[in-house]
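K.L.:
Quick one: this structure, given as structure tokens, is what I'll be asking you about.
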Amino acid sequence: MSEGTMGAPEGRSAGWIVPRILMVVAALGFLAAFFLPWASANAEFREAVTAAPDLVFYEPTDMTVSDAVDISLFEYAQVYGSMGSGWQVYMAIMYAVLGASALTLLLAAFGKPIGAAVVGALAFAGSRLLVWDFGDRGVLPSSTHDWGMAATVYIPAFVVLLVAAVWLFVLKRRAKAGANV
């Protein structure tokens with residue numbers, strides 16, 4: 001049996017492309033979520049920002065109040081990294097989520113459903129750990145910020161990743177079983 005596009009047996013390549021694309025899109029959702037708002041300012045804070053948008057919100061990172069309207073995990077990682085050794089654990093967890101998300105994308109692009117699902121599960125678990133921690137410490141929601149969309153993006157991205165990974169895994173197993181007959 002000759003190989004068609006993306007390592008799929010001829011005649012099956014179209015059926016193999018859909019789950020791979022879904023895995024890649026889900027992994028891109030993981031990556032995008034790292035840069036989307038993890039915290040989003042409430043209406044009162046947004047209104048207050050208009051009065052003094054260039055006022056420094058957090059000096060060590062030169063973050064202004066206008067920068068702090070929507071804060072991503074990337075920006076939180078910078079803030080926690082500037083706070084000293086005890087807080088850098090949070091920065092490491094956040095960058096680990098980013099690294100796992102990037103590795104998930106790489107594995108998804110190469111059509112490795114088991115690897116993508118396992119590493120994606122680690123990225124998802126890291127995001128859920130951060131959600132729990134931010135809530136437990138009272139960081140979010142707060143008097144100025146509510147949850148942004150990023151924490152929510154990880155959930156459907158993980159579900160899509162798992163479904164697509166199982167789908168691709170089953171297709172690969174069927175093709176292998178058919179080739180052995």
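To be explicit about the labels: the chains of the structure tokens are called A, B, and onward in the order shown, and within each one the residues are counted from 1, while ligands get numbers from 1 in the order they are shown.
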Excluding same-chain residues fewer than 4 positions from range 137-142 of chain A, what lies within 12 Å of it counting only C-alpha atoms, as an MDAnalysis selection string?

P.N.:
chainID A and resid 38:42 44:45 71 76 130:133 146:148 151

K.L.:
Could you dump the residues just selected with N, CA and C atoms as a compact mmCIF listing (two decimals), in the first residue's frame?

P.N.:
```txt
# COMPACT_ATOMS: atom_id res chain seq x y z
N TRP A 38 -6.35 36.67 30.85
CA TRP A 38 -6.59 35.75 31.96
C TRP A 38 -7.45 36.48 32.98
N ALA A 39 -7.19 37.77 33.11
CA ALA A 39 -7.98 38.65 33.98
C ALA A 39 -8.47 39.82 33.13
N SER A 40 -9.72 40.19 33.34
CA SER A 40 -10.31 41.28 32.60
C SER A 40 -10.92 42.27 33.58
N ALA A 41 -10.57 43.54 33.40
CA ALA A 41 -11.02 44.57 34.34
C ALA A 41 -12.54 44.72 34.30
N ASN A 42 -13.09 45.00 35.48
CA ASN A 42 -14.53 45.25 35.54
C ASN A 42 -14.82 46.67 35.06
N GLU A 44 -15.93 49.37 36.52
CA GLU A 44 -15.42 50.48 37.34
C GLU A 44 -13.94 50.75 37.07
N PHE A 45 -13.16 49.69 36.99
CA PHE A 45 -11.73 49.85 36.72
C PHE A 45 -11.51 50.42 35.33
N ILE A 71 -5.19 41.34 31.48
CA ILE A 71 -3.88 40.80 31.83
C ILE A 71 -3.82 39.33 31.42
N TYR A 76 1.15 38.07 33.61
CA TYR A 76 1.23 37.59 34.99
C TYR A 76 2.59 36.93 35.25
N LEU A 130 -3.65 26.69 37.82
CA LEU A 130 -3.59 28.15 37.95
C LEU A 130 -4.97 28.73 38.26
N VAL A 131 -6.01 28.19 37.66
CA VAL A 131 -7.36 28.66 37.97
C VAL A 131 -7.66 28.42 39.44
N TRP A 132 -7.37 27.22 39.92
CA TRP A 132 -7.60 26.91 41.33
C TRP A 132 -6.79 27.84 42.22
N ASP A 133 -5.52 28.04 41.90
CA ASP A 133 -4.65 28.86 42.73
C ASP A 133 -5.09 30.32 42.75
N ASP A 146 -12.19 40.50 36.90
CA ASP A 146 -12.90 39.23 36.84
C ASP A 146 -12.09 38.29 35.95
N TRP A 147 -12.54 37.05 35.84
CA TRP A 147 -11.87 36.10 34.96
C TRP A 147 -11.98 36.58 33.52
N GLY A 148 -10.89 36.48 32.79
CA GLY A 148 -10.90 36.74 31.36
C GLY A 148 -11.29 35.49 30.60
N ALA A 151 -8.93 31.47 30.61
CA ALA A 151 -9.15 30.30 31.46
C ALA A 151 -10.21 29.39 30.88
```

K.L.:
Select, from A:Gly178, A:Val166, A:Asp70, A:Leu28, the residue with the minimum atom-to-atom distance to Ile114 in chain A, counting only C-alpha atoms.

P.N.:
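Among the listed residues, A:Val166 lies closest to Ile114 in chain A.
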
K.L.:
Can you measure CA of Ser85 in chain A to CA of Thr152 in chain A for me? One decimal in Å is fine.

P.N.:
29.0 Å

K.L.:
Which of these residues is nearest to Leu73 in chain A, using only C-alpha atoms: A:Thr61, A:Thr144, A:Asn180, A:Ser127?

P.N.:
A:Ser127

K.L.:
Please measure the separation of CA of Pro113 in chain A and CA of Trp167 in chain A, giving the value in Å to one decimal.

P.N.:
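Value for the CA of Pro113 in chain A-CA of Trp167 in chain A distance: 8.6 Å.
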
K.L.:
If you run DSSP on this backbone, which residues of range 13-47 of chain A come out as alpha helix (DSSP H), and could you give them as a VMD selection string?

P.N.:
chain A and resid 13 to 35 43 to 47

K.L.:
Residues of range 56-106 of chain A that approach range 13-25 of chain A to 12 Å or less, counting only C-alpha atoms: could you list each one with the shortest pair of atoms and its distance in Å to one decimal, rows by chain and increasing residue number, as JSON lines?

P.N.:
```
{"residue": "A:Ser101", "atom": "CA", "partner": "A:Val24", "partner_atom": "CA", "distance": 10.6}
{"residue": "A:Ala102", "atom": "CA", "partner": "A:Val24", "partner_atom": "CA", "distance": 10.4}
{"residue": "A:Leu103", "atom": "CA", "partner": "A:Val24", "partner_atom": "CA", "distance": 11.0}
{"residue": "A:Thr104", "atom": "CA", "partner": "A:Val24", "partner_atom": "CA", "distance": 8.3}
{"residue": "A:Leu105", "atom": "CA", "partner": "A:Val24", "partner_atom": "CA", "distance": 5.8}
{"residue": "A:Leu106", "atom": "CA", "partner": "A:Val24", "partner_atom": "CA", "distance": 8.2}
```

K.L.:
Env of Val65 in chain A: 12 Å cut, atoms = only C-alpha atoms, seq-sep filter 2 positions within chain, self excluded. Answer as a compact mmCIF listing (two decimals) with N, CA and C atoms, in the first residue's frame.

P.N.:
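Writing done, so here's selection_23.txt:
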```txt
# COMPACT_ATOMS: atom_id res chain seq x y z
N ALA A 41 -10.57 43.54 33.40
CA ALA A 41 -11.02 44.57 34.34
C ALA A 41 -12.54 44.72 34.30
N PHE A 45 -13.16 49.69 36.99
CA PHE A 45 -11.73 49.85 36.72
C PHE A 45 -11.51 50.42 35.33
N ARG A 46 -12.25 49.91 34.35
CA ARG A 46 -12.12 50.42 32.99
C ARG A 46 -12.45 51.91 32.92
N GLU A 47 -13.46 52.32 33.65
CA GLU A 47 -13.83 53.73 33.68
C GLU A 47 -12.74 54.56 34.35
N ALA A 48 -12.17 54.07 35.42
CA ALA A 48 -11.11 54.77 36.13
C ALA A 48 -9.85 54.91 35.28
N VAL A 49 -9.60 53.94 34.43
CA VAL A 49 -8.42 53.97 33.58
C VAL A 49 -8.45 55.16 32.63
N THR A 50 -9.61 55.56 32.19
CA THR A 50 -9.71 56.68 31.25
C THR A 50 -9.21 57.98 31.86
N ALA A 51 -9.27 58.10 33.18
CA ALA A 51 -8.80 59.32 33.85
C ALA A 51 -7.28 59.41 33.87
N ALA A 52 -6.59 58.27 33.99
CA ALA A 52 -5.13 58.30 34.07
C ALA A 52 -4.54 57.04 33.44
N PRO A 53 -4.61 56.91 32.12
CA PRO A 53 -4.19 55.66 31.48
C PRO A 53 -2.69 55.36 31.61
N ASP A 54 -1.87 56.40 31.80
CA ASP A 54 -0.42 56.19 31.86
C ASP A 54 0.11 56.06 33.29
N LEU A 55 -0.77 56.06 34.26
CA LEU A 55 -0.37 55.86 35.64
C LEU A 55 0.23 54.46 35.79
N VAL A 56 1.36 54.37 36.52
CA VAL A 56 2.03 53.07 36.67
C VAL A 56 1.20 52.18 37.60
N PHE A 57 0.88 50.99 37.11
CA PHE A 57 0.11 50.00 37.86
C PHE A 57 1.04 49.11 38.67
N TYR A 58 2.16 48.68 38.02
CA TYR A 58 3.14 47.84 38.70
C TYR A 58 4.51 48.22 38.16
N GLU A 59 5.28 48.94 38.97
CA GLU A 59 6.53 49.56 38.55
C GLU A 59 7.60 48.59 38.05
N THR A 61 7.62 46.07 36.27
CA THR A 61 7.43 45.67 34.88
C THR A 61 6.98 46.83 34.00
N ASP A 62 6.93 48.04 34.56
CA ASP A 62 6.46 49.22 33.84
C ASP A 62 5.05 49.06 33.28
N MET A 63 4.24 48.29 33.97
CA MET A 63 2.86 48.08 33.54
C MET A 63 2.02 49.28 33.98
N ASP A 67 -2.41 49.13 30.57
CA ASP A 67 -1.90 47.78 30.27
C ASP A 67 -2.60 46.74 31.13
N ALA A 68 -3.07 47.14 32.31
CA ALA A 68 -3.66 46.21 33.27
C ALA A 68 -5.16 46.02 33.10
N VAL A 69 -5.73 46.56 32.05
CA VAL A 69 -7.16 46.37 31.82
C VAL A 69 -7.43 44.88 31.55
N ASP A 70 -6.66 44.30 30.67
CA ASP A 70 -6.73 42.88 30.38
C ASP A 70 -5.32 42.31 30.59
N ILE A 71 -5.19 41.34 31.48
CA ILE A 71 -3.88 40.80 31.83
C ILE A 71 -3.82 39.33 31.42
N THR A 144 -11.22 44.61 41.26
CA THR A 144 -10.95 45.31 40.00
C THR A 144 -11.03 44.41 38.76
```

K.L.:
For CA of Leu161 in chain A and CA of Val97 in chain A, determine how far apart the two atoms are, in Å to one decimal place.

P.N.:
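Rounded to one decimal, the two atoms are 15.5 Å apart.
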
K.L.:
Can you pull out every residue within 9 Å of Pro60 in chain A, counting only C-alpha atoms, but drop anything in the same chain fewer than 3 positions away, and send it as a list of chain:residue names?

P.N.:
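In the requested form, the answer reads A:Met63, A:Val79, A:Ser82, A:Met83.
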
K.L.:
Emit the selected residues as an mmCIF file, in the first residue's frame, including N, CA and C atoms.

P.N.:
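Full text of result_8.cif as output:
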```cif
data_model
loop_
_atom_site.group_PDB
_atom_site.id
_atom_site.type_symbol
_atom_site.label_atom_id
_atom_site.label_comp_id
_atom_site.auth_asym_id
_atom_site.auth_seq_id
_atom_site.Cartn_x
_atom_site.Cartn_y
_atom_site.Cartn_z
ATOM 1 N N MET A 63 4.238 48.286 33.969
ATOM 2 C CA MET A 63 2.858 48.081 33.544
ATOM 3 C C MET A 63 2.021 49.283 33.979
ATOM 4 N N VAL A 79 5.090 39.592 35.872
ATOM 5 C CA VAL A 79 4.897 40.194 37.191
ATOM 6 C C VAL A 79 5.436 39.273 38.281
ATOM 7 N N SER A 82 9.180 39.078 38.499
ATOM 8 C CA SER A 82 9.844 40.254 39.060
ATOM 9 C C SER A 82 9.717 40.344 40.578
ATOM 10 N N MET A 83 8.923 39.453 41.180
ATOM 11 C CA MET A 83 8.636 39.563 42.605
ATOM 12 C C MET A 83 9.602 38.782 43.495
#
```

K.L.:
Go through A:Gly29, A:Gly111, A:Gly99, A:Pro156 one by one, measure the shortest atom-to-atom distance of each to Gly126 in chain A using only C-alpha atoms, and give the residue with the smallest value.

P.N.:
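Ranked by minimum distance to Gly126 in chain A, first place goes to A:Gly99.
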
K.L.:
In range 13-159 of chain A, what's strand (DSSP E) per DSSP? Answer as a PyMOL selection string?

P.N.:
chain A and resi 37-41+56-58+63-64+70-72+145-147

K.L.:
Those same residues, written as a PDB file, in the first residue's frame with C-alpha atoms?

P.N.:
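Heads up, here's the output in out10.pdb:
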```
ATOM      1  CA  PRO A  37      -6.887  37.968  28.872  1.00  0.00           C
ATOM      2  CA  TRP A  38      -6.592  35.749  31.957  1.00  0.00           C
ATOM      3  CA  ALA A  39      -7.983  38.648  33.977  1.00  0.00           C
ATOM      4  CA  SER A  40     -10.315  41.283  32.596  1.00  0.00           C
ATOM      5  CA  ALA A  41     -11.023  44.567  34.338  1.00  0.00           C
ATOM      6  CA  VAL A  56       2.025  53.074  36.671  1.00  0.00           C
ATOM      7  CA  PHE A  57       0.108  50.005  37.864  1.00  0.00           C
ATOM      8  CA  TYR A  58       3.141  47.840  38.695  1.00  0.00           C
ATOM      9  CA  MET A  63       2.858  48.081  33.544  1.00  0.00           C
ATOM     10  CA  THR A  64       0.468  51.027  33.318  1.00  0.00           C
ATOM     11  CA  ASP A  70      -6.731  42.876  30.382  1.00  0.00           C
ATOM     12  CA  ILE A  71      -3.877  40.798  31.830  1.00  0.00           C
ATOM     13  CA  SER A  72      -2.672  37.633  30.112  1.00  0.00           C
ATOM     14  CA  HIS A 145     -10.763  42.206  37.791  1.00  0.00           C
ATOM     15  CA  ASP A 146     -12.897  39.230  36.844  1.00  0.00           C
ATOM     16  CA  TRP A 147     -11.866  36.103  34.964  1.00  0.00           C
TER      17      TRP A 147
END
```
